[in-house]
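These notes concern the structure reproduced below.
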Amino acid sequence: MSRQIATLVRRFPALVRLPYLVYQRARPRYTLGVAAVIVDEAGAVLLVEHVYHPRFAWGLPGGWIDVDEDPAAAILRELHEELALSARVRRVVHVAKTAANHIDIAYLCAAESPIGKLSHELLAYRWVAVDDLPPLKPFHARAIELAGQQLRSEV
């Protein structure tokens, strides 16, 4: 039976286009965000004070992934836009569903330039020892924890 269906579909590919479009439209849609965990030589983590985050003003730098944008490229773009910072992506450290229909990806990144002018989305930045972190979104706290574990395992 499967062979007959496959033969029919290959002969008339338009037969599956409409069901595929209906199936695709019925699937859940997600927005995607990215965050960067950047650790300096002393082990301090880069945190930024966000203008638009009322509950947890301090957190990791990051933002939304644009349509058809590679997530690793998105975090590098966000770091450049928000902090005028050039960086290199090392690896993914954490991925989680953080809200209804939203997934965040945290990358461990290495700074390759000093921080420059802040965008209108940020009020300030600071390097914070892991033991002195302010209240953070759970995703940010977990990303920092996992990045620290990975960095310690490299030594």
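Scheme for the structure tokens: letters A, B, ... for chains in order shown; per-chain residue numbers from 1; ligand numbers from 1 in order shown.
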
Contacts of range 50-62 of chain A within 7 Å, only C-alpha atoms, excl. fewer than 4 positions in-chain, as a ChimeraX atom specification: /A:34-37,46,75,78-79,121-123,135-137,140

Neighbour list for Ala6 in chain A as a VMD selection string, cut-off 12 Å, only C-alpha atoms, skip fewer than 6 positions in-chain: chain A and resid 12 to 13 15 to 16

Length of the CA of Arg29 in chain A to CA of Ser119 in chain A vector [Å]: 29.1 Å

Alpha helix (DSSP H) positions in chain A, given as a ChimeraX atom specification: /A:2-11,14-26,71-83,138-154

Could you write out that same residue set with N, CA and C atoms as a short mmCIF file (atom, residue, chain, number, x, y, z; two decimals), in the first residue's frame?
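Ended up saving to part_21.cif:
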data_model
loop_
_atom_site.label_atom_id
_atom_site.label_comp_id
_atom_site.auth_asym_id
_atom_site.auth_seq_id
_atom_site.Cartn_x
_atom_site.Cartn_y
_atom_site.Cartn_z
N SER A 2 1.92 1.30 0.84
CA SER A 2 2.79 2.47 0.91
C SER A 2 3.47 2.72 -0.42
N ARG A 3 3.88 1.65 -1.10
CA ARG A 3 4.54 1.79 -2.39
C ARG A 3 3.59 2.42 -3.41
N GLN A 4 2.32 2.03 -3.38
CA GLN A 4 1.33 2.57 -4.32
C GLN A 4 1.09 4.06 -4.05
N ILE A 5 1.01 4.42 -2.77
CA ILE A 5 0.82 5.83 -2.42
C ILE A 5 2.02 6.64 -2.87
N ALA A 6 3.22 6.12 -2.62
CA ALA A 6 4.43 6.83 -3.03
C ALA A 6 4.48 7.02 -4.55
N THR A 7 4.09 6.00 -5.29
CA THR A 7 4.07 6.10 -6.76
C THR A 7 3.09 7.17 -7.22
N LEU A 8 1.92 7.18 -6.60
CA LEU A 8 0.90 8.18 -6.94
C LEU A 8 1.38 9.60 -6.62
N VAL A 9 1.98 9.79 -5.45
CA VAL A 9 2.47 11.10 -5.03
C VAL A 9 3.59 11.57 -5.95
N ARG A 10 4.46 10.66 -6.34
CA ARG A 10 5.56 11.04 -7.24
C ARG A 10 5.06 11.40 -8.63
N ARG A 11 4.01 10.75 -9.04
CA ARG A 11 3.44 11.03 -10.36
C ARG A 11 2.64 12.33 -10.34
N ALA A 14 1.27 17.51 -6.80
CA ALA A 14 0.30 18.52 -6.34
C ALA A 14 -0.70 17.92 -5.34
N LEU A 15 -0.85 16.59 -5.35
CA LEU A 15 -1.78 15.95 -4.42
C LEU A 15 -1.40 16.18 -2.96
N VAL A 16 -0.12 16.35 -2.67
CA VAL A 16 0.29 16.52 -1.28
C VAL A 16 0.52 17.98 -0.90
N ARG A 17 0.51 18.88 -1.86
CA ARG A 17 0.77 20.29 -1.53
C ARG A 17 -0.30 20.87 -0.62
N LEU A 18 -1.54 20.69 -0.94
CA LEU A 18 -2.62 21.25 -0.12
C LEU A 18 -2.64 20.62 1.28
N PRO A 19 -2.63 19.29 1.40
CA PRO A 19 -2.59 18.74 2.77
C PRO A 19 -1.35 19.20 3.55
N TYR A 20 -0.23 19.33 2.88
CA TYR A 20 0.98 19.80 3.56
C TYR A 20 0.80 21.23 4.06
N LEU A 21 0.23 22.11 3.22
CA LEU A 21 0.00 23.50 3.64
C LEU A 21 -0.96 23.57 4.82
N VAL A 22 -2.01 22.76 4.80
CA VAL A 22 -2.97 22.73 5.91
C VAL A 22 -2.26 22.24 7.17
N TYR A 23 -1.49 21.17 7.04
CA TYR A 23 -0.75 20.62 8.18
C TYR A 23 0.23 21.66 8.73
N GLN A 24 0.94 22.33 7.84
CA GLN A 24 1.93 23.33 8.25
C GLN A 24 1.27 24.49 9.00
N ARG A 25 0.12 24.95 8.55
CA ARG A 25 -0.58 26.06 9.19
C ARG A 25 -1.16 25.66 10.55
N ALA A 26 -1.47 24.38 10.72
CA ALA A 26 -2.07 23.92 11.97
C ALA A 26 -1.03 23.65 13.06
N PRO A 71 20.43 31.24 14.41
CA PRO A 71 20.50 31.65 15.82
C PRO A 71 21.88 32.14 16.26
N ALA A 72 22.94 31.49 15.81
CA ALA A 72 24.29 31.93 16.19
C ALA A 72 24.59 33.31 15.60
N ALA A 73 24.13 33.56 14.40
CA ALA A 73 24.30 34.89 13.80
C ALA A 73 23.47 35.92 14.56
N ALA A 74 22.30 35.51 15.05
CA ALA A 74 21.42 36.43 15.78
C ALA A 74 22.08 36.92 17.07
N ILE A 75 22.74 36.04 17.82
CA ILE A 75 23.35 36.50 19.06
C ILE A 75 24.51 37.44 18.77
N LEU A 76 25.27 37.17 17.73
CA LEU A 76 26.36 38.08 17.38
C LEU A 76 25.82 39.44 16.94
N ARG A 77 24.71 39.44 16.20
CA ARG A 77 24.07 40.69 15.79
C ARG A 77 23.58 41.45 17.01
N GLU A 78 22.91 40.75 17.93
CA GLU A 78 22.38 41.40 19.13
C GLU A 78 23.50 42.01 19.97
N LEU A 79 24.60 41.30 20.14
CA LEU A 79 25.73 41.84 20.91
C LEU A 79 26.29 43.09 20.25
N HIS A 80 26.35 43.07 18.93
CA HIS A 80 26.85 44.25 18.22
C HIS A 80 25.88 45.41 18.33
N GLU A 81 24.58 45.15 18.14
CA GLU A 81 23.57 46.21 18.20
C GLU A 81 23.43 46.80 19.60
N GLU A 82 23.43 45.96 20.62
CA GLU A 82 23.16 46.43 21.98
C GLU A 82 24.38 46.96 22.72
N LEU A 83 25.56 46.39 22.42
CA LEU A 83 26.76 46.72 23.19
C LEU A 83 27.94 47.16 22.32
N PRO A 138 14.85 32.69 35.39
CA PRO A 138 15.35 31.32 35.59
C PRO A 138 16.19 30.81 34.41
N PHE A 139 15.80 31.14 33.19
CA PHE A 139 16.56 30.70 32.03
C PHE A 139 17.98 31.26 32.07
N HIS A 140 18.11 32.55 32.41
CA HIS A 140 19.43 33.18 32.47
C HIS A 140 20.29 32.55 33.56
N ALA A 141 19.70 32.34 34.74
CA ALA A 141 20.45 31.73 35.84
C ALA A 141 20.93 30.33 35.47
N ARG A 142 20.07 29.56 34.84
CA ARG A 142 20.44 28.19 34.44
C ARG A 142 21.51 28.21 33.36
N ALA A 143 21.41 29.13 32.41
CA ALA A 143 22.42 29.22 31.36
C ALA A 143 23.79 29.55 31.94
N ILE A 144 23.82 30.46 32.90
CA ILE A 144 25.10 30.82 33.56
C ILE A 144 25.65 29.61 34.31
N GLU A 145 24.77 28.90 35.01
CA GLU A 145 25.20 27.71 35.76
C GLU A 145 25.78 26.65 34.82
N LEU A 146 25.09 26.38 33.72
CA LEU A 146 25.57 25.36 32.78
C LEU A 146 26.85 25.78 32.09
N ALA A 147 26.96 27.07 31.74
CA ALA A 147 28.19 27.56 31.12
C ALA A 147 29.36 27.40 32.09
N GLY A 148 29.13 27.70 33.37
CA GLY A 148 30.18 27.54 34.37
C GLY A 148 30.63 26.10 34.50
N GLN A 149 29.68 25.18 34.49
CA GLN A 149 30.02 23.76 34.57
C GLN A 149 30.88 23.34 33.38
N GLN A 150 30.49 23.82 32.19
CA GLN A 150 31.24 23.45 30.98
C GLN A 150 32.64 24.05 31.01
N LEU A 151 32.75 25.30 31.46
CA LEU A 151 34.07 25.93 31.54
C LEU A 151 34.96 25.22 32.55
N ARG A 152 34.40 24.83 33.69
CA ARG A 152 35.19 24.10 34.69
C ARG A 152 35.65 22.75 34.18
N SER A 153 34.83 22.10 33.36
CA SER A 153 35.21 20.78 32.84
C SER A 153 36.32 20.88 31.78
N GLU A 154 36.50 22.05 31.22
CA GLU A 154 37.57 22.26 30.22
C GLU A 154 38.95 22.33 30.87
#

Within 9 Å of Asp104 in chain A using only C-alpha atoms, minus same-chain residues under 2 positions, as a PyMOL selection string: chain A and resi 31-35+64+94-98+102+106+139

For CA of Val92 in chain A and CA of Ile105 in chain A, the interatomic separation in Å (one decimal): 7.1 Å

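With distances restricted to only C-alpha atoms, A:Glu112 is the closest residue to Asp40 in chain A from A:Ala84, A:Glu69, A:Leu118, A:Glu112.
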